[in-house]
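Heads up, my_file.txt below (compact mmCIF, C-alpha atoms):
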```txt
# COMPACT_ATOMS: atom_id res chain seq x y z
CA MET J 1 82.72 159.13 107.33
CA GLU J 2 80.78 156.18 105.86
CA LEU J 3 83.95 154.05 106.05
CA ILE J 4 84.41 154.91 109.73
CA GLY J 5 80.76 153.95 110.45
CA LEU J 6 81.21 150.60 108.69
CA GLU J 7 84.30 149.88 110.76
CA LYS J 8 82.39 150.61 113.97
CA ARG J 9 79.57 148.24 112.94
CA LEU J 10 82.07 145.47 112.12
CA LEU J 11 83.83 145.90 115.49
CA GLY J 12 80.48 145.71 117.29
CA LEU J 13 79.56 142.48 115.47
CA ALA J 14 82.96 140.94 116.36
CA ALA J 15 82.46 141.87 120.05
CA THR J 16 79.03 140.24 120.03
CA LEU J 17 80.42 137.02 118.54
CA LEU J 18 83.28 136.94 121.07
CA LEU J 19 80.86 137.40 123.98
CA GLY J 20 78.70 134.58 122.67
CA LEU J 21 81.68 132.25 122.53
CA LEU J 22 82.69 133.14 126.08
CA LEU J 23 79.16 132.48 127.37
CA SER J 24 79.10 129.11 125.57
CA VAL J 25 82.35 128.04 127.25
CA CYS J 26 81.13 129.18 130.68
CA ASN J 27 77.94 127.15 130.35
CA SER J 28 79.77 123.82 129.73
CA SER J 29 79.76 121.08 132.39
CA PRO J 30 82.18 122.03 135.22
CA GLY J 31 82.79 118.46 136.32
CA THR J 32 84.45 117.15 133.17
CA VAL J 33 88.15 116.39 133.35
CA VAL J 34 89.87 116.48 129.98
CA GLY J 35 92.62 114.04 128.95
CA GLN J 36 92.25 111.09 131.36
CA SER J 37 88.52 111.60 130.97
CA ALA J 38 86.30 111.15 134.01
CA VAL J 39 83.27 112.80 135.53
CA GLY J 40 84.30 114.22 138.88
CA VAL J 41 82.32 113.37 142.02
CA GLY J 42 82.68 116.29 144.40
CA GLU J 43 82.09 116.57 148.13
CA GLY J 44 78.37 116.83 147.42
CA GLY J 45 78.44 113.38 145.81
CA ALA J 46 76.70 114.34 142.55
CA ALA J 47 78.15 112.94 139.36
CA GLY J 48 79.02 115.30 136.53
CA GLY J 49 79.46 118.30 138.83
CA ALA J 50 76.27 119.95 137.59
CA GLY J 51 74.39 119.45 140.88
CA ALA J 52 75.09 120.98 144.26
CA GLY J 53 78.59 120.28 145.45
CA GLY J 54 79.78 118.89 142.11
CA GLY J 55 83.56 118.70 141.80
CA THR J 56 85.31 121.05 139.43
CA GLY J 57 88.89 119.94 139.96
CA PRO J 58 90.73 116.65 139.48
CA LEU J 59 88.96 113.36 140.03
CA SER J 60 87.85 112.59 143.60
CA GLN J 61 87.82 109.00 144.89
CA PRO J 62 84.40 107.36 144.52
CA LEU J 63 84.38 103.78 145.83
CA ILE J 64 82.09 100.81 146.13
CA ASP J 65 81.65 100.21 149.87
CA LEU J 66 81.01 96.48 150.04
CA ASP J 67 80.06 96.49 153.71
CA ALA J 68 77.12 98.83 153.14
CA SER J 69 73.80 98.61 151.38
CA VAL J 70 73.85 102.23 150.16
CA VAL J 71 75.96 104.07 147.62
CA SER J 72 79.30 105.21 149.03
CA GLY J 73 80.60 108.27 147.24
CA ASN J 74 82.79 111.06 148.54
CA GLY J 75 80.72 111.77 151.62
CA GLY J 76 77.90 113.56 149.85
CA THR J 77 74.14 113.36 149.59
CA GLY J 78 73.77 113.85 145.87
CA GLY J 79 72.50 110.31 145.29
CA ALA J 80 73.76 107.53 143.03
CA PRO J 81 75.67 108.56 139.91
CA ALA J 82 74.31 107.81 136.49
CA ALA J 83 75.12 104.46 134.91
CA PRO J 84 78.35 104.51 132.89
CA THR J 85 78.27 105.09 129.16
CA SER J 86 80.77 104.38 126.43
CA ASP J 87 81.69 108.01 125.75
CA ALA J 88 84.93 109.70 126.84
CA ASN J 89 83.33 111.24 129.94
CA CYS J 90 82.00 107.98 131.39
CA GLY J 91 83.94 108.45 134.63
CA MET J 92 84.49 106.47 137.78
CA GLN J 93 81.49 104.51 138.98
CA THR J 94 80.13 103.71 142.44
CA SER J 95 77.49 101.12 143.24
CA SER J 96 75.32 99.91 146.09
CA THR J 97 76.45 96.44 147.24
CA ILE J 98 75.69 93.78 149.84
CA LYS J 99 77.72 91.07 151.52
CA GLN J 100 76.59 87.63 150.46
CA PRO J 101 75.50 85.15 153.18
CA THR J 102 76.89 81.65 153.62
CA ASP J 103 74.70 78.54 153.42
CA VAL J 104 75.35 76.22 156.38
CA LEU J 105 73.76 72.78 156.43
CA LEU J 106 73.68 71.33 159.95
CA VAL J 107 74.20 67.57 159.85
CA LEU J 108 73.34 66.43 163.37
CA ASP J 109 73.91 63.05 165.01
CA ARG J 110 70.81 62.14 167.03
CA SER J 111 71.91 58.60 167.83
CA GLY J 112 70.98 56.94 171.12
CA SER J 113 74.31 57.88 172.71
CA MET J 114 73.38 61.56 172.31
CA SER J 115 71.24 61.02 175.44
CA PHE J 116 74.45 60.38 177.46
CA ASP J 117 76.07 62.98 179.70
CA ILE J 118 78.17 65.42 177.72
CA ALA J 119 81.17 64.97 180.01
CA GLU J 120 80.98 61.20 180.61
CA ASP J 121 79.75 58.09 178.88
CA CYS J 122 76.87 57.46 181.27
CA CYS J 123 73.18 58.27 181.58
CA CYS J 124 71.57 61.20 183.35
CA SER J 125 68.12 59.56 183.53
CA THR J 126 66.42 56.21 183.84
CA THR J 127 64.86 56.76 180.40
CA CYS J 128 68.34 56.89 178.89
CA THR J 129 69.37 53.76 180.79
CA SER J 130 66.35 51.75 179.71
CA SER J 131 66.70 52.69 176.03
CA THR J 132 70.48 52.35 175.67
CA GLY J 133 71.52 49.93 178.44
CA MET J 134 74.16 52.43 179.62
CA SER J 135 74.66 52.74 183.40
CA MET J 136 73.62 55.79 185.36
CA CYS J 137 76.18 58.49 186.12
CA SER J 138 77.43 58.38 189.69
CA ASN J 139 77.10 62.14 190.03
CA ARG J 140 73.92 63.41 188.41
CA THR J 141 73.92 66.86 190.03
CA ASN J 142 75.50 68.53 187.00
CA CYS J 143 74.59 65.86 184.46
CA THR J 144 73.92 67.38 181.02
CA PRO J 145 72.51 65.19 178.23
CA ARG J 146 74.23 65.83 174.89
CA TRP J 147 71.24 66.32 172.62
CA PRO J 148 69.51 69.03 174.70
CA ALA J 149 72.86 70.79 175.15
CA LEU J 150 73.44 70.73 171.37
CA THR J 151 69.98 72.01 170.47
CA SER J 152 70.26 74.81 173.05
CA ALA J 153 73.65 75.86 171.67
CA ILE J 154 72.28 75.84 168.11
CA ASP J 155 69.36 78.04 169.19
CA THR J 156 71.80 80.52 170.72
CA THR J 157 74.07 80.49 167.68
CA MET J 158 71.32 80.99 165.13
CA THR J 159 69.94 83.89 167.16
CA GLN J 160 73.30 85.65 167.39
CA ALA J 161 75.05 84.81 164.12
CA THR J 162 74.49 87.04 161.11
CA GLY J 163 75.07 86.43 157.41
CA ILE J 164 74.20 82.71 157.53
CA GLU J 165 71.33 80.81 155.91
CA TRP J 166 70.71 77.57 157.82
CA GLY J 167 69.47 74.12 156.81
CA LEU J 168 69.11 70.84 158.72
CA LYS J 169 69.85 67.16 158.10
CA LEU J 170 69.36 64.64 160.93
CA PHE J 171 70.77 61.14 161.18
CA SER J 172 69.51 58.56 161.59
CA SER J 173 66.11 59.48 160.21
CA GLN J 174 62.82 59.25 162.05
CA THR J 175 59.62 57.82 160.64
CA GLN J 176 56.59 60.05 160.23
CA THR J 177 55.42 58.94 163.67
CA GLY J 178 58.63 60.26 165.23
CA ARG J 179 60.04 56.81 165.96
CA ARG J 180 63.33 55.56 164.58
CA GLN J 181 63.58 53.34 161.55
CA THR J 182 63.68 49.57 162.07
CA ASP J 183 67.46 49.16 162.32
CA GLY J 184 68.34 52.73 163.35
CA CYS J 185 70.54 53.17 160.27
CA ALA J 186 68.16 54.69 157.74
CA VAL J 187 68.78 58.13 156.25
CA ASN J 188 65.90 59.63 154.29
CA PRO J 189 66.58 61.47 151.01
CA GLY J 190 66.71 65.25 151.16
CA VAL J 191 66.81 67.31 154.34
CA GLU J 192 64.51 68.06 157.26
CA VAL J 193 64.80 71.83 156.70
CA GLY J 194 65.95 73.35 153.44
CA ILE J 195 68.32 76.30 153.28
CA GLY J 196 66.67 79.62 152.71
CA SER J 197 65.42 82.84 154.19
CA GLY J 198 63.34 82.21 157.31
CA SER J 199 64.72 78.70 157.84
CA THR J 200 66.09 79.55 161.30
CA SER J 201 62.74 79.18 163.04
CA ALA J 202 62.03 75.97 161.11
CA VAL J 203 65.34 74.45 162.29
CA GLN J 204 64.65 75.48 165.88
CA THR J 205 61.18 73.93 165.78
CA GLN J 206 62.44 70.71 164.20
CA ILE J 207 65.26 70.02 166.65
CA ALA J 208 63.02 70.86 169.62
CA ASN J 209 60.73 67.96 168.65
CA VAL J 210 63.47 65.35 168.15
CA SER J 211 64.89 62.94 170.71
CA ALA J 212 68.12 60.93 170.72
CA ASP J 213 67.67 57.49 169.20
CA GLY J 214 69.10 55.17 166.53
CA GLY J 215 72.52 54.49 165.09
CA THR J 216 75.26 56.68 163.57
CA PRO J 217 75.13 56.38 159.75
CA THR J 218 77.52 59.31 159.21
CA ALA J 219 78.65 58.26 155.73
CA ASN J 220 75.10 58.10 154.38
CA ALA J 221 74.18 61.40 156.06
CA ILE J 222 77.13 63.28 154.53
CA THR J 223 76.46 61.79 151.09
CA THR J 224 72.82 62.83 151.32
CA ALA J 225 73.79 66.31 152.52
CA THR J 226 76.20 66.71 149.59
CA SER J 227 73.54 65.66 147.09
CA TYR J 228 71.12 68.18 148.56
CA LEU J 229 73.59 71.09 148.49
CA GLN J 230 74.26 70.40 144.83
CA THR J 231 70.61 71.26 144.15
CA VAL J 232 70.74 74.64 145.94
CA ASN J 233 71.16 77.18 143.15
CA ASP J 234 71.83 80.40 145.05
CA PRO J 235 75.27 82.05 144.58
CA ASN J 236 76.26 81.67 148.24
CA ALA J 237 79.23 79.69 149.55
CA LYS J 238 78.05 76.40 151.07
CA VAL J 239 79.45 74.34 153.95
CA ILE J 240 78.47 71.33 156.06
CA LEU J 241 78.60 71.45 159.85
CA LEU J 242 78.76 67.91 161.26
CA ALA J 243 78.09 67.45 164.99
CA THR J 244 78.56 63.91 166.31
CA ASP J 245 79.49 62.13 169.52
CA GLY J 246 81.36 59.11 168.26
CA GLU J 247 82.62 56.94 165.49
CA PRO J 248 80.28 56.13 162.60
CA ASN J 249 78.60 52.76 162.30
CA CYS J 250 75.88 51.31 160.06
CA LYS J 251 78.50 50.20 157.53
CA VAL J 252 76.95 49.20 154.22
CA GLY J 253 77.06 45.40 153.73
CA ALA J 254 77.99 44.62 157.36
CA ARG J 255 75.83 42.12 159.22
CA ASP J 256 76.09 44.05 162.47
CA THR J 257 74.79 47.62 162.35
CA THR J 258 77.27 48.58 165.07
CA THR J 259 80.24 47.81 162.80
CA SER J 260 82.50 50.86 162.56
CA ASP J 261 82.46 52.79 159.28
CA VAL J 262 85.24 55.35 159.65
CA ASP J 263 86.50 54.70 156.12
CA GLY J 264 83.05 55.19 154.61
CA ALA J 265 82.52 58.46 156.47
CA THR J 266 85.97 59.73 155.47
CA THR J 267 85.29 58.95 151.82
CA ALA J 268 81.92 60.74 151.97
CA ILE J 269 83.52 63.82 153.55
CA GLN J 270 86.25 63.88 150.89
CA ALA J 271 83.54 63.73 148.22
CA ALA J 272 81.75 66.67 149.86
CA LEU J 273 84.93 68.75 149.74
CA ALA J 274 85.53 67.75 146.12
CA ALA J 275 82.01 68.99 145.33
CA GLY J 276 82.95 72.37 146.83
CA PHE J 277 81.57 71.98 150.35
CA LYS J 278 83.94 72.20 153.30
CA VAL J 279 83.01 70.07 156.32
CA TYR J 280 83.39 71.49 159.84
CA VAL J 281 83.28 68.93 162.66
CA ILE J 282 82.21 69.19 166.31
CA GLY J 283 82.97 66.19 168.53
CA ILE J 284 80.62 65.91 171.53
CA GLY J 285 81.59 63.95 174.64
CA PRO J 286 84.81 62.26 175.81
CA SER J 287 84.93 59.31 173.36
CA VAL J 288 84.63 60.76 169.86
CA GLY J 289 87.59 59.03 168.27
CA ASP J 290 90.05 60.77 165.95
CA LEU J 291 87.73 63.33 164.39
CA ASP J 292 90.68 65.43 163.24
CA ASN J 293 90.90 63.01 160.31
CA PHE J 294 87.33 63.91 159.35
CA ALA J 295 88.08 67.63 159.62
CA LYS J 296 91.21 67.32 157.48
CA ALA J 297 89.29 65.28 154.90
CA GLY J 298 86.75 68.11 154.85
CA GLY J 299 89.35 70.83 154.38
CA THR J 300 89.05 72.34 157.87
CA ASP J 301 92.21 71.01 159.58
CA HIS J 302 90.88 70.17 163.07
CA TYR J 303 87.69 69.30 164.87
CA TYR J 304 86.13 71.27 167.74
CA PRO J 305 85.90 69.23 170.98
CA ALA J 306 82.93 69.80 173.30
CA THR J 307 82.61 68.21 176.73
CA SER J 308 80.38 70.91 178.21
CA ALA J 309 77.45 73.04 177.14
CA SER J 310 79.68 76.11 177.04
CA ASP J 311 82.13 74.24 174.78
CA LEU J 312 79.30 73.69 172.29
CA VAL J 313 78.36 77.37 172.29
CA SER J 314 82.01 78.35 171.77
CA ALA J 315 82.53 75.79 168.99
CA LEU J 316 79.44 76.90 167.09
CA ALA J 317 80.38 80.56 167.48
CA ALA J 318 83.92 79.88 166.21
CA ILE J 319 82.63 77.98 163.19
CA SER J 320 80.05 80.67 162.42
CA LYS J 321 82.85 83.21 162.42
CA ALA J 322 85.09 80.99 160.29
CA VAL J 323 82.44 80.50 157.61
CA ALA J 324 81.54 84.19 157.44
CA SER J 325 81.16 85.03 153.79
CA CYS J 326 84.06 86.50 151.87
CA THR J 327 81.84 87.16 148.84
CA PHE J 328 80.49 90.63 148.10
CA ALA J 329 77.91 91.50 145.44
CA MET J 330 77.81 94.73 143.44
CA SER J 331 74.50 96.10 142.22
CA GLN J 332 75.76 96.24 138.64
CA THR J 333 78.40 94.71 136.44
CA PRO J 334 81.65 96.72 136.25
CA PRO J 335 81.91 98.64 132.95
CA ASP J 336 85.36 97.11 132.43
CA PRO J 337 86.17 94.08 134.64
CA SER J 338 89.88 94.55 133.85
CA ASN J 339 89.77 98.13 135.15
CA MET J 340 89.14 97.45 138.84
CA ALA J 341 90.95 97.83 142.15
CA VAL J 342 89.98 96.17 145.45
CA TYR J 343 91.01 97.48 148.86
CA LEU J 344 91.06 95.82 152.27
CA ASP J 345 91.04 98.39 155.07
CA GLY J 346 92.44 100.95 152.63
CA LYS J 347 95.24 98.79 151.23
CA LEU J 348 95.27 97.66 147.64
CA ILE J 349 95.19 93.86 147.34
CA ALA J 350 96.19 91.75 144.37
CA ASN J 351 93.91 90.12 141.84
CA ASP J 352 94.93 86.68 143.09
CA PRO J 353 92.69 83.59 143.56
CA ALA J 354 95.08 82.29 146.24
CA ASN J 355 95.63 85.27 148.54
CA GLY J 356 93.84 88.26 147.05
CA TRP J 357 90.58 88.86 145.24
CA SER J 358 88.84 87.22 142.33
CA PHE J 359 85.43 87.35 140.73
CA GLY J 360 82.77 85.09 142.19
CA ALA J 361 80.08 83.24 140.26
CA THR J 362 79.59 86.35 138.10
CA SER J 363 81.48 89.57 137.42
CA GLN J 364 79.06 91.29 139.79
CA THR J 365 80.57 89.49 142.77
CA VAL J 366 84.02 89.85 144.34
CA MET J 367 85.53 87.07 146.44
CA LEU J 368 88.38 87.45 148.91
CA ASN J 369 90.70 84.46 149.04
CA GLY J 370 93.33 82.98 151.32
CA SER J 371 94.97 85.51 153.62
CA ALA J 372 92.60 88.26 152.45
CA CYS J 373 89.55 86.20 153.45
CA ASN J 374 91.22 85.18 156.72
CA ALA J 375 91.68 88.84 157.58
CA ILE J 376 87.92 89.37 157.27
CA THR J 377 86.78 86.23 159.10
CA SER J 378 89.27 86.72 161.94
CA GLY J 379 88.24 90.32 162.44
CA ALA J 380 91.72 91.64 161.62
CA ALA J 381 90.17 93.65 158.77
CA SER J 382 86.63 94.89 158.33
CA LYS J 383 86.38 97.19 155.33
CA VAL J 384 86.28 95.95 151.74
CA GLN J 385 86.01 98.57 149.02
CA VAL J 386 86.15 98.51 145.23
CA LEU J 387 87.05 101.18 142.68
CA PHE J 388 86.38 100.69 138.98
CA GLY J 389 86.47 102.77 135.85
CA CYS J 390 85.11 102.55 132.35
CA ALA J 391 86.31 100.70 129.29
CA GLY J 392 89.24 102.46 127.68
CA GLN J 393 90.21 104.49 130.71
CA ALA J 394 93.53 104.30 132.52
CA PRO J 395 94.04 101.33 134.88
CA PRO J 396 93.38 101.92 138.60
CA ASP J 397 96.95 102.83 139.62
CA GLN J 398 97.08 105.64 137.05
CA ILE J 399 93.61 106.82 138.04
CA ILE J 400 94.63 106.89 141.71
CA ALA J 401 97.72 108.92 140.77
CA LEU J 402 95.45 111.60 139.25
CA ASN J 403 93.51 112.02 142.48
CA THR J 404 94.56 115.11 144.42
CA THR J 405 91.21 115.90 146.04
CA PRO J 406 91.03 114.95 149.77
CA GLY J 407 88.26 112.58 150.70
CA PRO J 408 87.11 110.46 153.64
CA PHE J 409 88.89 107.39 152.25
CA ARG J 410 92.37 107.61 150.75
CA PRO J 411 93.63 104.15 149.62
CA THR J 412 97.35 103.54 149.52
CA PRO J 413 98.49 101.65 146.42
CA ALA J 414 100.43 98.46 147.07
CA ARG J 415 104.20 98.86 146.89
```

Same coordinates, now as C-alpha cells:
Amino acid sequence: MELIGLEKRLLGLAATLLLGLLLSVCNSSPGTVVGQSAVGVGEGGAAGGAGAGGGTGPLSQPLIDLDASVVSGNGGTGGAPAAPTSDANCGMQTSSTIKQPTDVLLVLDRSGSMSFDIAEDCCCSTTCTSSTGMSMCSNRTNCTPRWPALTSAIDTTMTQATGIEWGLKLFSSQTQTGRRQTDGCAVNPGVEVGIGSGSTSAVQTQIANVSADGGTPTANAITTATSYLQTVNDPNAKVILLATDGEPNCKVGARDTTTSDVDGATTAIQAALAAGFKVYVIGIGPSVGDLDNFAKAGGTDHYYPATSASDLVSALAAISKAVASCTFAMSQTPPDPSNMAVYLDGKLIANDPANGWSFGATSQTVMLNGSACNAITSGAASKVQVLFGCAGQAPPDQIIALNTTPGPFRPTPAR
C-alpha cells in the first residue's frame, strides 16, 4: 500500500511539471517566426505581436512609405515598431520618411531690354523708349513688358509649386540706392535672397522692387550663382534656373560692354554642371539667340521659349515639375544597407545609379535615378516604398517569398 501511495505522489508531481511547461510555452511571444527570424507585424500594426492585432502567422509586409510623413505598416494603428536590435528576432523595420525638397536658384536677367514687349523688340511705354532708345510698339493695346510678366509668373509658380526651396540672383546688380552700376555690367558677390525655408516671400518682395536696367553679364552671374550654391550645405539637390531675353554681353576685357559673350556664358554654365548644378534656361522674347546651346551645356537639353505671359507660366511650371526631388529621407539608418528593396508603384526596381535607386548623401536617403526618377517627375509613377531587414537576415527576395499574409500593398518582385 505504501508503494502504491508513492507512485501516486510521483505521478502527481510529473503532471504538475508537465502543466508548468505547457503554460510556459503558451506564454511566449506569439509574433515570433522561427527559422528566417522576424517579428511579425499583423493587421493591427504592432510589432512583436504582443499588442492588439499582432500577427501570429508568417511575416506580413511592413514598408517604408516615402511619400508620407507617418509610419506605414500593414494598415494598423499600433504605432511605430521598436528600433531593430542585433538579436535573431530583430525583424522587418518600417520608418517615417519625408520627400526631400529641391533648391532652385533663380538667376534673372533684369537688363534694359527686359522692359521691351514680350512678343516684339519694341517699347510699351515712353519710359522704356527714353531709357533704352528703342522705338515704341505700333500696337500697344496688348503690349506686355517682359520684366513684369516674368515677376508675375514667378509669383504664380512659387505659390503653386511644392517641394522647392527658392533663392534669387539678379544680373546686373543694383547699387544700394536701387540704381544700376556705372557700366551696367557689375555682378555683386553672393545672392539677393538665399535659399531656405521662408525665402519665397523674400524673393517675391525683392523682384517687386526691381526695374529693368543695365547690361547682360550672364557669365559672371552664373559663376557667382555656382559659387553661392557650393556654400549651401543642406542635403537637397540644387539647380539653377536662368531666365534671359537675349545673348550675353559685358565680356571681360572687351572695350565695349555690348560685346557678345556667348563663349563666356557657355563656359560658366558648363562649370555649374560640373559642380553638380544643372542649368534650366527660359528665353524671353523673339530674339534670344540659340539658347539650346546653353541648355545642353547645363545638362537640360533644350531651352523653354516664352513670347507671352502664359508661355512664362507654362515654362516655369514645366521646370518646377522637372526638378521635383527624386530624393527621399528615412527617419533612421537601415539596419543593414545591403538588405533593402525599393519599389516604384509596387514594382521592384534595381539598385542602379543609372536607372534605378541608389543611396543619397547618406544611407538614410534614397535617390531615384534615370528612368526611375523620370517616372516620378513626369507623373507616370507616384508611390515610392522601401522594405528593409536586419543584419544577417535573408535578402529581400527571400523575405518576400516568405510572405503569405495579405496586406494593402503587395509588391511584385522584378522578373

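Separating atom CA of Ala208 of chain J from atom CA of Cys122 of chain J is a distance of 22.5 Å.
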
Taking 6 positions as the minimum chain separation for residues in the same chain, which residues sit within 8 Å of Pro286 of chain J when counting only C-alpha atoms? Answer as a PyMOL selection string.
chain J and resi 118-121+307

Write a file of the selected residues as a PDB file, in the frame of the given file, keeping C-alpha atoms.
```pdb
ATOM      1  CA  ILE J 118      78.170  65.420 177.720  1.00  0.00           C
ATOM      2  CA  ALA J 119      81.170  64.970 180.010  1.00  0.00           C
ATOM      3  CA  GLU J 120      80.980  61.200 180.610  1.00  0.00           C
ATOM      4  CA  ASP J 121      79.750  58.090 178.880  1.00  0.00           C
ATOM      5  CA  THR J 307      82.610  68.210 176.730  1.00  0.00           C
TER       6      THR J 307
END
```

Polymer residues at most 10 Å from Ser138 of chain J, all atoms listed in the file, same-chain spacing of 4 or more positions, as a list of chain:residue names:
J:Cys122, J:Cys123, J:Cys124, J:Cys143

From the set J:Gly346, J:Gly198, J:Pro101, J:Gly264, which residue has the shortest atom-to-atom contact distance to Lys238 of chain J, counting only C-alpha atoms?
J:Pro101

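Environment of (77.6, 66.3, 171.2): residues at most 8 Å away, judged by only C-alpha atoms, are Asp109, Met114, Ile118, Arg146, Trp147, Ala149, Leu150, Ala243, Thr244, Asp245, Ile282, Gly283, Ile284, Gly285, Ala306, Thr307 and Leu312 of chain J.
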
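Between atom CA of Thr327 of chain J and atom CA of Gly389 of chain J lies a distance of 20.8 Å.
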
Counting only C-alpha atoms, the residue of J:Val193, J:Met136, J:Leu229, J:Ala186 that sits nearest Val252 of chain J
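For Val252 of chain J, the nearest of the candidates is J:Ala186.
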
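Atom CA of Ala272 of chain J is found 20.8 Å from atom CA of Lys321 of chain J.
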
Ser363 of chain J surroundings by only C-alpha atoms, 8 Å radius, close-in-sequence under 4 positions cut, as a count of residues only
4

With only C-alpha atoms counted, which protein, DNA or RNA residues have an atom no more than 10 Å from (83.5, 67.6, 151.7) in the file frame? Please answer as a tab-separated table (two decimals) with C-alpha atoms, in the coordinates of the input.
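Contents of result.tsv, freshly written:
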```
chain	number	residue	atom	x	y	z
J	222	ILE	CA	77.13	63.28	154.53
J	223	THR	CA	76.46	61.79	151.09
J	225	ALA	CA	73.79	66.31	152.52
J	226	THR	CA	76.20	66.71	149.59
J	239	VAL	CA	79.45	74.34	153.95
J	240	ILE	CA	78.47	71.33	156.06
J	266	THR	CA	85.97	59.73	155.47
J	267	THR	CA	85.29	58.95	151.82
J	268	ALA	CA	81.92	60.74	151.97
J	269	ILE	CA	83.52	63.82	153.55
J	270	GLN	CA	86.25	63.88	150.89
J	271	ALA	CA	83.54	63.73	148.22
J	272	ALA	CA	81.75	66.67	149.86
J	273	LEU	CA	84.93	68.75	149.74
J	274	ALA	CA	85.53	67.75	146.12
J	275	ALA	CA	82.01	68.99	145.33
J	276	GLY	CA	82.95	72.37	146.83
J	277	PHE	CA	81.57	71.98	150.35
J	278	LYS	CA	83.94	72.20	153.30
J	279	VAL	CA	83.01	70.07	156.32
J	280	TYR	CA	83.39	71.49	159.84
J	294	PHE	CA	87.33	63.91	159.35
J	295	ALA	CA	88.08	67.63	159.62
J	296	LYS	CA	91.21	67.32	157.48
J	297	ALA	CA	89.29	65.28	154.90
J	298	GLY	CA	86.75	68.11	154.85
J	299	GLY	CA	89.35	70.83	154.38
J	300	THR	CA	89.05	72.34	157.87
```

Residues near segment 110-113 of chain J, cut-off 9 Å, only C-alpha atoms, skip fewer than 4 positions along chain, as a ChimeraX atom specification
/J:117,121-123,128,131-132,134,146-147,170-173,184,210-217,244-246

List the neighbours of Gly356 of chain J out to 12 Å using all atoms listed in the file; skip same-chain residues closer than 5 positions along the sequence, and give me the result as JSON, numbers by chain.
{"J": [326, 341, 342, 343, 344, 347, 348, 349, 350, 351, 366, 367, 368, 369, 370, 371, 372, 373, 374, 375, 376, 384]}

Residue selection dump (C-alpha atoms) as a PDB file, in the frame of the given file:
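Okay, result17.pdb is ready:
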```pdb
ATOM      1  CA  CYS J 326      84.060  86.500 151.870  1.00  0.00           C
ATOM      2  CA  ALA J 341      90.950  97.830 142.150  1.00  0.00           C
ATOM      3  CA  VAL J 342      89.980  96.170 145.450  1.00  0.00           C
ATOM      4  CA  TYR J 343      91.010  97.480 148.860  1.00  0.00           C
ATOM      5  CA  LEU J 344      91.060  95.820 152.270  1.00  0.00           C
ATOM      6  CA  LYS J 347      95.240  98.790 151.230  1.00  0.00           C
ATOM      7  CA  LEU J 348      95.270  97.660 147.640  1.00  0.00           C
ATOM      8  CA  ILE J 349      95.190  93.860 147.340  1.00  0.00           C
ATOM      9  CA  ALA J 350      96.190  91.750 144.370  1.00  0.00           C
ATOM     10  CA  ASN J 351      93.910  90.120 141.840  1.00  0.00           C
ATOM     11  CA  VAL J 366      84.020  89.850 144.340  1.00  0.00           C
ATOM     12  CA  MET J 367      85.530  87.070 146.440  1.00  0.00           C
ATOM     13  CA  LEU J 368      88.380  87.450 148.910  1.00  0.00           C
ATOM     14  CA  ASN J 369      90.700  84.460 149.040  1.00  0.00           C
ATOM     15  CA  GLY J 370      93.330  82.980 151.320  1.00  0.00           C
ATOM     16  CA  SER J 371      94.970  85.510 153.620  1.00  0.00           C
ATOM     17  CA  ALA J 372      92.600  88.260 152.450  1.00  0.00           C
ATOM     18  CA  CYS J 373      89.550  86.200 153.450  1.00  0.00           C
ATOM     19  CA  ASN J 374      91.220  85.180 156.720  1.00  0.00           C
ATOM     20  CA  ALA J 375      91.680  88.840 157.580  1.00  0.00           C
ATOM     21  CA  ILE J 376      87.920  89.370 157.270  1.00  0.00           C
ATOM     22  CA  VAL J 384      86.280  95.950 151.740  1.00  0.00           C
TER      23      VAL J 384
END
```
